[in-house]
Every structure is written in structure tokens, then in C-alpha cells.
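For reference, entry_6.cif is printed below; it contains mmCIF, C-alpha atoms.
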data_coords
loop_
_atom_site.group_PDB
_atom_site.id
_atom_site.type_symbol
_atom_site.label_atom_id
_atom_site.label_comp_id
_atom_site.auth_asym_id
_atom_site.auth_seq_id
_atom_site.Cartn_x
_atom_site.Cartn_y
_atom_site.Cartn_z
ATOM 1 C CA MET Q 253 4.730 -29.202 5.164
ATOM 2 C CA PRO Q 254 5.317 -27.689 1.719
ATOM 3 C CA THR Q 255 7.388 -24.519 1.398
ATOM 4 C CA TYR Q 256 5.686 -21.517 -0.195
ATOM 5 C CA TYR Q 257 7.271 -18.119 -0.821
ATOM 6 C CA ILE Q 258 5.800 -14.634 -1.169
ATOM 7 C CA VAL Q 259 7.348 -12.034 -3.481
ATOM 8 C CA ALA Q 260 6.526 -8.316 -3.318
ATOM 9 C CA ASP Q 261 8.093 -5.050 -4.369
ATOM 10 C CA SER Q 262 9.286 -2.367 -1.970
ATOM 11 C CA SER Q 263 6.194 -0.174 -2.358
ATOM 12 C CA ALA Q 264 4.455 -2.432 0.193
ATOM 13 C CA ARG Q 265 4.332 -0.890 3.657
ATOM 14 C CA PHE Q 266 4.296 -2.905 6.872
ATOM 15 C CA SER Q 267 3.409 -1.868 10.391
ATOM 16 C CA TYR Q 268 6.095 -4.227 11.700
ATOM 17 C CA PRO Q 269 8.776 -4.758 9.011
ATOM 18 C CA GLN Q 270 10.813 -6.916 11.390
ATOM 19 C CA MET Q 271 7.935 -9.394 11.573
ATOM 20 C CA ILE Q 272 7.915 -9.845 7.794
ATOM 21 C CA ALA Q 273 11.543 -10.927 7.999
ATOM 22 C CA GLN Q 274 10.398 -13.939 10.019
ATOM 23 C CA TYR Q 275 8.331 -15.244 7.108
ATOM 24 C CA PRO Q 276 9.267 -16.523 3.626
ATOM 25 C CA VAL Q 277 8.918 -13.117 1.969
ATOM 26 C CA ALA Q 278 11.264 -11.680 -0.674
ATOM 27 C CA ILE Q 279 11.098 -7.910 -1.275
ATOM 28 C CA VAL Q 280 12.439 -6.617 -4.593
ATOM 29 C CA PRO Q 281 13.340 -2.888 -4.517
ATOM 30 C CA CYS Q 282 11.691 -0.311 -6.742
ATOM 31 C CA LYS Q 283 13.743 2.483 -8.309
ATOM 32 C CA VAL Q 284 13.046 6.063 -7.264
ATOM 33 C CA GLN Q 285 14.049 8.810 -9.697
ATOM 34 C CA PHE Q 286 14.418 12.155 -7.962
ATOM 35 C CA ASN Q 287 16.264 15.296 -9.081
ATOM 36 C CA GLY Q 288 18.051 13.425 -11.847
ATOM 37 C CA GLU Q 289 19.308 10.661 -9.552
ATOM 38 C CA THR Q 290 18.091 7.063 -9.264
ATOM 39 C CA TYR Q 291 17.887 5.270 -5.917
ATOM 40 C CA ARG Q 292 16.803 1.829 -4.766
ATOM 41 C CA GLU Q 293 13.881 2.323 -2.431
ATOM 42 C CA GLY Q 294 14.706 1.328 1.122
ATOM 43 C CA ILE Q 295 18.368 0.724 0.298
ATOM 44 C CA ASP Q 296 19.917 3.871 -1.170
ATOM 45 C CA LEU Q 297 17.081 6.147 -0.085
ATOM 46 C CA GLN Q 298 14.578 5.816 2.743
ATOM 47 C CA THR Q 299 11.100 7.130 2.036
ATOM 48 C CA GLU Q 300 11.166 9.549 4.964
ATOM 49 C CA GLU Q 301 14.230 11.223 3.455
ATOM 50 C CA LEU Q 302 12.501 11.417 0.072
ATOM 51 C CA LEU Q 303 9.421 13.024 1.606
ATOM 52 C CA SER Q 304 11.581 15.492 3.501
ATOM 53 C CA ARG Q 305 13.348 16.512 0.295
ATOM 54 C CA MET Q 306 10.055 16.765 -1.597
ATOM 55 C CA ALA Q 307 8.617 19.050 1.085
ATOM 56 C CA ASN Q 308 11.259 21.660 0.267
ATOM 57 C CA TYR Q 309 9.662 22.256 -3.143
ATOM 58 C CA ASN Q 310 6.204 23.253 -4.336
ATOM 59 C CA TYR Q 311 6.550 20.377 -6.789
ATOM 60 C CA VAL Q 312 9.419 18.151 -7.844
ATOM 61 C CA ASP Q 313 9.176 15.347 -10.370
ATOM 62 C CA VAL Q 314 9.380 11.965 -8.636
ATOM 63 C CA LYS Q 315 9.081 8.773 -10.612
ATOM 64 C CA VAL Q 316 8.913 5.309 -9.096
ATOM 65 C CA ASP Q 317 9.754 2.388 -11.362
ATOM 66 C CA PRO Q 318 8.967 -1.187 -10.322
ATOM 67 C CA PRO Q 319 11.664 -3.852 -10.455
ATOM 68 C CA GLU Q 320 12.857 -4.856 -13.908
ATOM 69 C CA ILE Q 321 11.677 -8.082 -15.522
ATOM 70 C CA SER Q 322 15.200 -9.449 -15.099
ATOM 71 C CA GLU Q 323 15.071 -8.764 -11.343
ATOM 72 C CA PHE Q 324 11.820 -10.672 -10.972
ATOM 73 C CA ILE Q 325 13.242 -13.539 -13.045
ATOM 74 C CA GLU Q 326 16.287 -13.684 -10.791
ATOM 75 C CA ILE Q 327 14.251 -13.906 -7.581
ATOM 76 C CA TYR Q 328 11.817 -16.446 -9.052
ATOM 77 C CA LEU Q 329 14.688 -18.695 -10.136
ATOM 78 C CA GLN Q 330 16.347 -18.414 -6.727
ATOM 79 C CA LEU Q 331 13.185 -19.271 -4.814
ATOM 80 C CA ALA Q 332 12.076 -22.033 -7.188
ATOM 81 C CA ARG Q 333 15.093 -24.126 -6.160
ATOM 82 C CA ARG Q 334 13.513 -24.685 -2.745
ATOM 83 C CA ALA Q 335 9.872 -23.653 -3.179
ATOM 84 C CA ASP Q 336 6.761 -25.761 -3.680
ATOM 85 C CA GLY Q 337 4.951 -22.653 -4.883
ATOM 86 C CA ILE Q 338 5.390 -18.866 -5.215
ATOM 87 C CA ILE Q 339 2.800 -16.099 -4.858
ATOM 88 C CA SER Q 340 3.995 -12.811 -6.311
ATOM 89 C CA LEU Q 341 1.918 -9.872 -5.058
ATOM 90 C CA HIS Q 342 1.939 -6.444 -6.697
ATOM 91 C CA PRO Q 343 0.478 -2.951 -6.283
ATOM 92 C CA SER Q 344 -2.485 -2.009 -8.436
ATOM 93 C CA ARG Q 345 -1.776 -2.345 -12.148
ATOM 94 C CA GLU Q 346 -3.798 0.869 -12.598
ATOM 95 C CA VAL Q 347 -0.885 2.717 -11.009
ATOM 96 C CA SER Q 348 2.228 0.569 -11.362
ATOM 97 C CA GLN Q 349 3.829 -1.643 -14.033
ATOM 98 C CA SER Q 350 4.958 -4.116 -11.364
ATOM 99 C CA TRP Q 351 2.253 -6.702 -12.122
ATOM 100 C CA TYR Q 352 2.882 -6.563 -15.867
ATOM 101 C CA ARG Q 353 6.617 -7.048 -15.449
ATOM 102 C CA ALA Q 354 6.082 -9.917 -13.031
ATOM 103 C CA GLN Q 355 3.770 -11.620 -15.525
ATOM 104 C CA GLN Q 356 6.435 -11.450 -18.200
ATOM 105 C CA ALA Q 357 9.113 -12.595 -15.772
ATOM 106 C CA ALA Q 358 7.099 -15.636 -14.689
ATOM 107 C CA HIS Q 359 6.607 -16.622 -18.327
ATOM 108 C CA GLN Q 360 10.262 -16.156 -19.237
ATOM 109 C CA ALA Q 361 11.641 -17.838 -16.119
ATOM 110 C CA ASN Q 362 9.835 -21.076 -16.969
ATOM 111 C CA ILE Q 363 10.212 -22.420 -13.435
ATOM 112 C CA GLN Q 364 8.906 -25.825 -12.413
ATOM 113 C CA CYS Q 365 6.991 -24.951 -9.256
ATOM 114 C CA PRO Q 366 3.581 -23.228 -9.519
ATOM 115 C CA ILE Q 367 3.650 -19.419 -9.476
ATOM 116 C CA GLU Q 368 0.707 -17.053 -9.099
ATOM 117 C CA ILE Q 369 0.985 -13.374 -10.067
ATOM 118 C CA VAL Q 370 -1.572 -11.307 -8.148
ATOM 119 C CA ASP Q 371 -2.720 -7.721 -8.655
ATOM 120 C CA THR Q 372 -3.702 -6.660 -5.131
ATOM 121 C CA ARG Q 373 -5.736 -3.704 -6.490
ATOM 122 C CA THR Q 374 -4.383 -1.518 -3.714
ATOM 123 C CA LEU Q 375 -1.239 0.359 -2.694
ATOM 124 C CA CYS Q 376 1.132 1.035 0.188
ATOM 125 C CA ALA Q 377 -0.089 -0.275 3.565
ATOM 126 C CA GLY Q 378 -3.093 -2.074 2.085
ATOM 127 C CA TYR Q 379 -0.696 -3.871 -0.216
ATOM 128 C CA GLY Q 380 1.530 -4.672 2.757
ATOM 129 C CA MET Q 381 -1.412 -6.129 4.675
ATOM 130 C CA LEU Q 382 -2.082 -8.574 1.864
ATOM 131 C CA VAL Q 383 1.599 -9.539 1.749
ATOM 132 C CA LYS Q 384 1.530 -10.174 5.494
ATOM 133 C CA LEU Q 385 -1.699 -12.166 5.273
ATOM 134 C CA ALA Q 386 -0.250 -14.324 2.480
ATOM 135 C CA ALA Q 387 2.987 -14.808 4.419
ATOM 136 C CA VAL Q 388 1.191 -15.992 7.548
ATOM 137 C CA ALA Q 389 -1.079 -18.246 5.506
ATOM 138 C CA ALA Q 390 1.921 -19.673 3.625
ATOM 139 C CA SER Q 391 3.464 -20.841 6.874
ATOM 140 C CA LYS Q 392 0.337 -22.887 7.622
ATOM 141 C CA ALA Q 393 -1.079 -23.926 4.245
ATOM 142 C CA SER Q 394 -0.757 -27.492 3.006
ATOM 143 C CA ASP Q 395 -2.203 -26.729 -0.438
ATOM 144 C CA PHE Q 396 -1.016 -24.034 -2.866
ATOM 145 C CA ASP Q 397 -4.447 -23.430 -4.408
ATOM 146 C CA GLU Q 398 -5.857 -22.896 -0.928
ATOM 147 C CA LEU Q 399 -3.162 -20.321 -0.221
ATOM 148 C CA VAL Q 400 -3.925 -18.475 -3.456
ATOM 149 C CA THR Q 401 -7.648 -18.465 -2.687
ATOM 150 C CA VAL Q 402 -7.160 -17.132 0.849
ATOM 151 C CA THR Q 403 -4.954 -14.343 -0.495
ATOM 152 C CA ARG Q 404 -7.222 -13.352 -3.369
ATOM 153 C CA ASP Q 405 -10.345 -13.433 -1.202
ATOM 154 C CA ALA Q 406 -8.800 -10.858 1.139
ATOM 155 C CA ILE Q 407 -8.322 -8.256 -1.607
ATOM 156 C CA ASP Q 408 -11.908 -7.009 -1.381
ATOM 157 C CA ARG Q 409 -11.514 -6.393 2.362
ATOM 158 C CA ILE Q 410 -8.813 -3.715 1.954
ATOM 159 C CA TYR Q 411 -9.742 -0.015 2.170
ATOM 160 C CA ALA Q 412 -7.700 3.186 2.336
ATOM 161 C CA MET Q 413 -8.313 6.901 2.753
ATOM 162 C CA TYR Q 414 -5.927 9.882 2.756
ATOM 163 C CA TYR Q 415 -6.166 13.587 3.450
ATOM 164 C CA VAL Q 416 -3.816 15.467 1.113
ATOM 165 C CA ASP Q 417 -2.418 18.939 1.757
ATOM 166 C CA GLY Q 418 -1.704 20.528 -1.632
ATOM 167 C CA LEU Q 419 -3.118 19.649 -5.026
ATOM 168 C CA GLU Q 420 -0.131 19.967 -7.360
ATOM 169 C CA TYR Q 421 0.937 16.309 -7.183
ATOM 170 C CA LEU Q 422 -2.639 15.185 -7.732
ATOM 171 C CA ARG Q 423 -2.798 17.444 -10.793
ATOM 172 C CA ARG Q 424 0.543 16.298 -12.217
ATOM 173 C CA SER Q 425 -0.373 12.634 -11.714
ATOM 174 C CA GLY Q 426 -3.690 13.143 -13.520
ATOM 175 C CA LEU Q 427 -5.878 12.541 -10.483
ATOM 176 C CA LEU Q 428 -7.250 16.101 -10.638
ATOM 177 C CA THR Q 429 -8.009 18.174 -13.713
ATOM 178 C CA ASP Q 430 -6.171 21.469 -14.121
ATOM 179 C CA SER Q 431 -9.336 23.471 -13.525
ATOM 180 C CA ARG Q 432 -10.245 21.628 -10.310
ATOM 181 C CA ALA Q 433 -6.698 21.918 -9.017
ATOM 182 C CA VAL Q 434 -6.505 25.654 -9.739
ATOM 183 C CA LEU Q 435 -9.901 26.307 -8.133
ATOM 184 C CA GLY Q 436 -9.023 24.169 -5.135
ATOM 185 C CA SER Q 437 -5.730 25.979 -4.644
ATOM 186 C CA LEU Q 438 -7.452 29.367 -4.818
ATOM 187 C CA LEU Q 439 -9.965 28.289 -2.189
ATOM 188 C CA GLY Q 440 -7.263 26.715 -0.013
ATOM 189 C CA ILE Q 441 -9.043 23.385 0.225
ATOM 190 C CA LYS Q 442 -7.468 19.972 0.710
ATOM 191 C CA ALA Q 443 -8.222 16.783 -1.166
ATOM 192 C CA ILE Q 444 -9.533 13.559 0.286
ATOM 193 C CA ILE Q 445 -8.802 10.438 -1.706
ATOM 194 C CA ASN Q 446 -9.781 6.799 -1.539
ATOM 195 C CA ILE Q 447 -8.234 3.763 -3.177
ATOM 196 C CA GLU Q 448 -11.072 1.896 -4.849
ATOM 197 C CA ASP Q 449 -10.665 -1.172 -7.034
ATOM 198 C CA GLY Q 450 -7.069 -0.268 -7.743
ATOM 199 C CA GLN Q 451 -7.650 3.377 -8.590
ATOM 200 C CA VAL Q 452 -6.749 6.486 -6.625
ATOM 201 C CA ILE Q 453 -9.934 8.556 -6.596
ATOM 202 C CA VAL Q 454 -10.549 12.081 -5.315
ATOM 203 C CA THR Q 455 -13.870 11.732 -3.531
ATOM 204 C CA GLU Q 456 -14.462 15.041 -1.740
ATOM 205 C CA LYS Q 457 -12.783 18.109 -0.312
ATOM 206 C CA SER Q 458 -11.971 19.330 3.177
ATOM 207 C CA GLU Q 459 -11.295 22.897 4.193
ATOM 208 C CA SER Q 460 -8.565 22.083 6.698
ATOM 209 C CA MET Q 461 -6.084 19.321 7.493
ATOM 210 C CA SER Q 462 -7.143 19.796 11.115
ATOM 211 C CA ASN Q 463 -10.283 17.854 10.190
ATOM 212 C CA ALA Q 464 -8.219 14.818 9.196
ATOM 213 C CA PRO Q 465 -8.275 12.915 12.529
ATOM 214 C CA ASP Q 466 -12.066 13.262 12.702
ATOM 215 C CA GLY Q 467 -12.513 12.213 9.096
ATOM 216 C CA LEU Q 468 -10.201 9.226 9.358
ATOM 217 C CA LEU Q 469 -11.827 8.158 12.627
ATOM 218 C CA ASN Q 470 -15.263 8.251 10.985
ATOM 219 C CA PHE Q 471 -13.884 6.250 8.071
ATOM 220 C CA ILE Q 472 -12.553 3.479 10.323
ATOM 221 C CA MET Q 473 -15.730 3.525 12.423
ATOM 222 C CA GLU Q 474 -17.618 2.344 9.340
ATOM 223 C CA PHE Q 475 -16.086 -1.091 9.931
ATOM 224 C CA GLU Q 476 -17.620 -3.170 12.687
ATOM 225 C CA GLN Q 477 -14.564 -5.419 12.977
ATOM 226 C CA VAL Q 478 -11.014 -4.776 11.784
ATOM 227 C CA ASP Q 479 -8.356 -7.460 11.252
ATOM 228 C CA ASP Q 480 -5.534 -5.045 10.462
ATOM 229 C CA ALA Q 481 -5.015 -1.302 10.264
ATOM 230 C CA MET Q 482 -2.222 1.203 9.846
ATOM 231 C CA ILE Q 483 -1.968 4.987 10.036
ATOM 232 C CA LEU Q 484 0.166 6.579 7.301
ATOM 233 C CA GLN Q 485 2.114 9.792 7.768
ATOM 234 C CA HIS Q 486 5.086 11.608 6.232
ATOM 235 C CA ARG Q 487 7.768 10.857 8.838
ATOM 236 C CA SER Q 488 8.930 7.995 11.030
ATOM 237 C CA GLN Q 489 8.426 9.860 14.327
ATOM 238 C CA ILE Q 490 4.825 10.201 15.474
ATOM 239 C CA PHE Q 491 3.234 13.604 14.937
ATOM 240 C CA GLU Q 492 0.307 15.112 16.780
ATOM 241 C CA PRO Q 493 -2.613 14.259 14.426
ATOM 242 C CA THR Q 494 -1.526 10.610 14.524
ATOM 243 C CA ARG Q 495 -1.374 10.659 18.317
ATOM 244 C CA VAL Q 496 -4.862 12.190 18.486
ATOM 245 C CA LEU Q 497 -6.247 9.593 16.100
ATOM 246 C CA GLN Q 498 -4.619 6.710 17.995
ATOM 247 C CA ASP Q 499 -6.038 7.940 21.300
ATOM 248 C CA ARG Q 500 -9.549 8.136 19.908
ATOM 249 C CA LEU Q 501 -9.285 4.762 18.176
ATOM 250 C CA THR Q 502 -8.189 3.173 21.449
ATOM 251 C CA LEU Q 503 -11.509 4.246 22.963
ATOM 252 C CA GLU Q 504 -13.558 3.044 20.020
ATOM 253 C CA PHE Q 505 -11.718 -0.252 19.467
ATOM 254 C CA PRO Q 506 -10.567 -1.521 22.887
ATOM 255 C CA GLY Q 507 -7.708 -3.974 22.565
ATOM 256 C CA GLN Q 508 -7.076 -3.115 18.897
ATOM 257 C CA HIS Q 509 -3.664 -1.688 18.013
ATOM 258 C CA PHE Q 510 -3.314 1.025 15.360
ATOM 259 C CA PRO Q 511 0.389 1.356 14.457
ATOM 260 C CA PHE Q 512 1.713 4.105 12.219
ATOM 261 C CA GLY Q 513 4.361 4.340 9.533
ATOM 262 C CA VAL Q 514 5.587 6.341 6.546
ATOM 263 C CA TYR Q 515 3.703 5.951 3.294
ATOM 264 C CA SER Q 516 5.560 4.685 0.242
ATOM 265 C CA ALA Q 517 7.491 6.533 -2.452
ATOM 266 C CA LEU Q 518 4.899 5.366 -4.968
ATOM 267 C CA MET Q 519 2.134 7.010 -2.935
ATOM 268 C CA ALA Q 520 4.264 10.128 -2.516
ATOM 269 C CA SER Q 521 4.743 10.396 -6.287
ATOM 270 C CA LEU Q 522 0.945 10.467 -6.664
ATOM 271 C CA ILE Q 523 -0.222 12.572 -3.725
ATOM 272 C CA GLY Q 524 2.846 14.476 -2.546
ATOM 273 C CA PRO Q 525 4.819 14.746 0.703
ATOM 274 C CA LYS Q 526 2.072 16.178 2.920
ATOM 275 C CA ALA Q 527 -0.595 13.545 3.418
ATOM 276 C CA PHE Q 528 -2.186 11.694 6.302
ATOM 277 C CA GLY Q 529 -4.145 8.496 5.898
ATOM 278 C CA VAL Q 530 -5.204 5.065 7.036
ATOM 279 C CA ALA Q 531 -5.441 1.608 5.516
ATOM 280 C CA VAL Q 532 -7.814 -1.007 6.914
ATOM 281 C CA MET Q 533 -8.415 -4.697 6.414
ATOM 282 C CA GLU Q 534 -11.987 -5.495 7.410
ATOM 283 C CA SER Q 535 -12.414 -8.777 9.266
ATOM 284 C CA GLU Q 536 -13.508 -11.710 7.147
ATOM 285 C CA LEU Q 537 -16.547 -12.397 9.318
ATOM 286 C CA ALA Q 538 -17.758 -8.791 9.164
ATOM 287 C CA PHE Q 539 -17.148 -8.688 5.403
ATOM 288 C CA GLU Q 540 -19.243 -11.833 4.904
ATOM 289 C CA ASP Q 541 -22.009 -10.346 7.053
ATOM 290 C CA ASP Q 542 -21.944 -7.190 4.914
ATOM 291 C CA ASP Q 543 -22.306 -9.319 1.781
ATOM 292 C CA ASP Q 544 -25.266 -11.170 3.294
ATOM 293 C CA ASP Q 545 -26.994 -7.851 4.003
ATOM 294 C CA THR Q 546 -27.012 -7.012 0.295
ATOM 295 C CA TYR Q 547 -29.366 -9.851 -0.609
#

Final C-alpha cells representation of the file:
Amino acid sequence: MPTYYIVADSSARFSYPQMIAQYPVAIVPCKVQFNGETYREGIDLQTEELLSRMANYNYVDVKVDPPEISEFIEIYLQLARRADGIISLHPSREVSQSWYRAQQAAHQANIQCPIEIVDTRTLCAGYGMLVKLAAVAASKASDFDELVTVTRDAIDRIYAMYYVDGLEYLRRSGLLTDSRAVLGSLLGIKAIINIEDGQVIVTEKSESMSNAPDGLLNFIMEFEQVDDAMILQHRSQIFEPTRVLQDRLTLEFPGQHFPFGVYSALMASLIGPKAFGVAVMESELAFEDDDDDTY
């Protein structure tokens, strides 16, 4: 069997990080700039700690930089010595420079094995689901082009939705206009966002975060079959809205597991430290059935 490797940056989130370690996946850390200091995500600073620090302020400037071109070159050269092919997956280029830097790195590295640079058009847990899917497929695939196709075809099956408490980060990141943010703050309403075709989009408003479990449940119920799912929260220990959502999902999707985890620093820089969301990968069969219904 050929040996294929998956490369991703640390903004990918996994429901079971220990499982990823069992596959040929290389994670390159992003840099988190916070309060004048720079940290390597997941090494010098865990995201839960970042979110905890952010929560102490109404707003604090957080910037997340993807790995440098030189860092991608280094990992590509290392893997190419034993790889028959490399797929490098990246968060949406609408939000991050990761894909652009990887493109330049692949060109400059001039490695001999085939390398595919993929914009996953999603973020955080959705991004992690695609990394996991590619990793599992890489352990079974006998053809590199087949592996690339399987990975790219799954991109359109990823969906995500978040409830966001506080509008200042959305305003500072340009996702809300000043006037909408000011009005929303005066009315005490919370934002609901979706990740659509690589963009973070404010789709509607909710009056209370207490509505979040109901809203997220309804969102997931739109999918007849789910291959993968993850609940995103601001801390590593489960909190009550997550427990409520898990209990209700267990009734609606018998036998399906809905793990939870902390959303990424990149997401936090866009939406702030007080958000609650889900990411879903629709099953391939259900997705194909949905496509057939459109004709």
C-alpha cells in the first residue's frame, strides 16, 4: 500500500485528538497574538486558557496567524522523504492565510511526490472532520487521485452554526456593521452565525442564549443522516447547555454520539469567548439524495 500523509494547521478541532495521532497526520501550530505576547496554539497556550483570559475583558485584540511558509516547507520536505503523496488541508481562505502560504510553500519546496493543497471552505470542527476523513481514507486508499477526490467531495457536506453572546468581536472582525452591533447591544440580543462556503455569516438574531440548545437541535434535525458531529463550547469541561443538547440528541439520533470540545483560537478571534455551536458532516448517502431532490 502507498503511504499518504495529511497536513493541517492547529485551528482544526477534533472530537478525539488521540485518534488523529494514530493516523499519518501532521499538525503545524498557528501563532496566537494576545496582549502583546505570541504563543504557539496548543503548545504554549491552550485554547481554553485563551478563552478564559478573553472572557475577563469586554474586548481584547486577538490575532491568529497561520504557520509561516517556511514551516510548511519544512514539514513538506520531511514527509516527502517517505510519502507517496501529501494532502494539505486548510481553513477557509476567506478567513485565514493558511491556504495561501501552503500554496507558496508547495511551490518553493519542489518536492517529488504529488501534493494537493485544499481549501476546506470551513473552520474549526468542520475543518477537523475533513482532516479526519482524509486521514482515514489515506490509510485505505491505493490511488492518490482517489484520495483527493474523496476529500474534496466531502467539503460540501460540512455545516456549522453558532450562538454568540456579545457582538463586539463580530463588529471588530467585520462580520457586523457598527450600526447593527450598536443596535443589537442596546436590545440585548445575541447573534446566530453560520459558516457558508467559507464565510462566517450572521444569519439571524436570538433574544437569549437559553434558546441555543433548541436552535442547535433544530439545526441538526435538518439532516436525515449524520456521519460526524461535534458540539463546540468555551471550556473543556461540559457545561449545562451542552448536556441538555446531548440528552435531546440521544433521543433523536439513537446510537449516534455527539462529543463536545473547545472551539479554536481562530474562531474565538472572530466571534469571541462566549459562543456555543455545532458542526455537522451530513452522510454521503443523504447528501446525494438531497441533490437528487433538486432535479

Please identify all polymer residues within 10 Å of stretch 265-270 of chain Q, counting all atoms listed in the file, omitting same-chain residues fewer than 3 positions from it, and present them as a list in words.
Asp261, Ser262, Ala273, Gln274, Tyr275, Leu375, Cys376, Ala377, Gly378, Tyr379, Gly380, Met381, Leu382, Val383, Lys384, Asp480, Ala481, Met482, Ile483, Leu484, Phe510, Pro511, Phe512, Gly513, Val514, Tyr515 and Ser516 of chain Q

Go ahead and save the picked residues with C-alpha atoms, as an mmCIF file, keeping the file's coordinate frame.
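Once written, out_27.cif looks like this:
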data_model
loop_
_atom_site.group_PDB
_atom_site.id
_atom_site.type_symbol
_atom_site.label_atom_id
_atom_site.label_comp_id
_atom_site.auth_asym_id
_atom_site.auth_seq_id
_atom_site.Cartn_x
_atom_site.Cartn_y
_atom_site.Cartn_z
ATOM 1 C CA ASP Q 261 8.093 -5.050 -4.369
ATOM 2 C CA SER Q 262 9.286 -2.367 -1.970
ATOM 3 C CA ALA Q 273 11.543 -10.927 7.999
ATOM 4 C CA GLN Q 274 10.398 -13.939 10.019
ATOM 5 C CA TYR Q 275 8.331 -15.244 7.108
ATOM 6 C CA LEU Q 375 -1.239 0.359 -2.694
ATOM 7 C CA CYS Q 376 1.132 1.035 0.188
ATOM 8 C CA ALA Q 377 -0.089 -0.275 3.565
ATOM 9 C CA GLY Q 378 -3.093 -2.074 2.085
ATOM 10 C CA TYR Q 379 -0.696 -3.871 -0.216
ATOM 11 C CA GLY Q 380 1.530 -4.672 2.757
ATOM 12 C CA MET Q 381 -1.412 -6.129 4.675
ATOM 13 C CA LEU Q 382 -2.082 -8.574 1.864
ATOM 14 C CA VAL Q 383 1.599 -9.539 1.749
ATOM 15 C CA LYS Q 384 1.530 -10.174 5.494
ATOM 16 C CA ASP Q 480 -5.534 -5.045 10.462
ATOM 17 C CA ALA Q 481 -5.015 -1.302 10.264
ATOM 18 C CA MET Q 482 -2.222 1.203 9.846
ATOM 19 C CA ILE Q 483 -1.968 4.987 10.036
ATOM 20 C CA LEU Q 484 0.166 6.579 7.301
ATOM 21 C CA PHE Q 510 -3.314 1.025 15.360
ATOM 22 C CA PRO Q 511 0.389 1.356 14.457
ATOM 23 C CA PHE Q 512 1.713 4.105 12.219
ATOM 24 C CA GLY Q 513 4.361 4.340 9.533
ATOM 25 C CA VAL Q 514 5.587 6.341 6.546
ATOM 26 C CA TYR Q 515 3.703 5.951 3.294
ATOM 27 C CA SER Q 516 5.560 4.685 0.242
#

Could you list, as a ChimeraX atom specification, every residue matched by the PyMOL selection byres ((chain Q and resi 367) around 9) in this structure?
/Q:328,337-340,358,363-366,368-369

Take the residues from that selection and write them out as a short mmCIF file (atom, residue, chain, number, x, y, z; two decimals), in the frame of the given file, keeping C-alpha atoms.
data_model
loop_
_atom_site.label_atom_id
_atom_site.label_comp_id
_atom_site.auth_asym_id
_atom_site.auth_seq_id
_atom_site.Cartn_x
_atom_site.Cartn_y
_atom_site.Cartn_z
CA TYR Q 328 11.82 -16.45 -9.05
CA GLY Q 337 4.95 -22.65 -4.88
CA ILE Q 338 5.39 -18.87 -5.22
CA ILE Q 339 2.80 -16.10 -4.86
CA SER Q 340 4.00 -12.81 -6.31
CA ALA Q 358 7.10 -15.64 -14.69
CA ILE Q 363 10.21 -22.42 -13.44
CA GLN Q 364 8.91 -25.82 -12.41
CA CYS Q 365 6.99 -24.95 -9.26
CA PRO Q 366 3.58 -23.23 -9.52
CA GLU Q 368 0.71 -17.05 -9.10
CA ILE Q 369 0.98 -13.37 -10.07
#

My list of candidates is Q:Asp466, Q:Glu398, Q:Glu448, Q:Glu300. Which is closest to Q:Gln489 when distances are computed with all atoms listed in the file?
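Residue with the minimum atom-to-atom distance to Q:Gln489: Q:Glu300.
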
Compile the contact shell of Q:Tyr291 as a PyMOL selection string: residues with an atom at most 12 Å away, counting all atoms listed in the file, same-chain residues fewer than 5 positions apart removed.
chain Q and resi 281-286+296-299+301-302+314-319+517

Best match for closeness to Q:Ile447 among Q:Asp479, Q:Glu346, Q:Asp430, Q:Asp417, counting all atoms listed in the file:
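Nearest to Q:Ile447: Q:Glu346.
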
For Q:Leu303, which of Q:Gln498, Q:Gln360, Q:Asn446, Q:Ser488 is the closest residue, counting all atoms listed in the file?
Q:Ser488

Could you work out how far atom CA of Q:Met306 lies from atom CA of Q:Tyr421, giving the answer in Å with one decimal?
10.7 Å

List the neighbours of Q:Val280 out to 12 Å using only C-alpha atoms; skip same-chain residues closer than 3 positions along the sequence, and give me the result as a PyMOL selection string.
chain Q and resi 258-264+277+283+292-295+317-328+340-342+350+354

List the spatial neighbours of Q:Gln477 as a PyMOL selection string - criterion: any atom at most 10 Å away, all atoms listed in the file, same-chain residues fewer than 3 positions off excluded.
chain Q and resi 472-474+480+505+508+533-539

Between atom CA of Q:Thr403 and atom CA of Q:Ala389, what is the distance, to one decimal in Å?
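Going from atom CA of Q:Thr403 over to atom CA of Q:Ala389, I get 8.1 Å.
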
Fewer than 5 positions away in the same chain doesn't count, so skip those; otherwise give me all residues within 9 Å of Q:Asn463, counting all atoms listed in the file, as a VMD selection string.
chain Q and resid 415 458 468

Counting all atoms listed in the file, which of Q:Ile272, Q:Val312, Q:Ala390, Q:Val347 gets nearest to Q:Gly288?
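Closest residue, counting all atoms listed in the file: Q:Val312.
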
Expressed in Å to a single decimal, how great is the separation between atom CA of Q:Pro276 and atom CA of Q:Thr255?
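These two atoms are separated by 8.5 Å.
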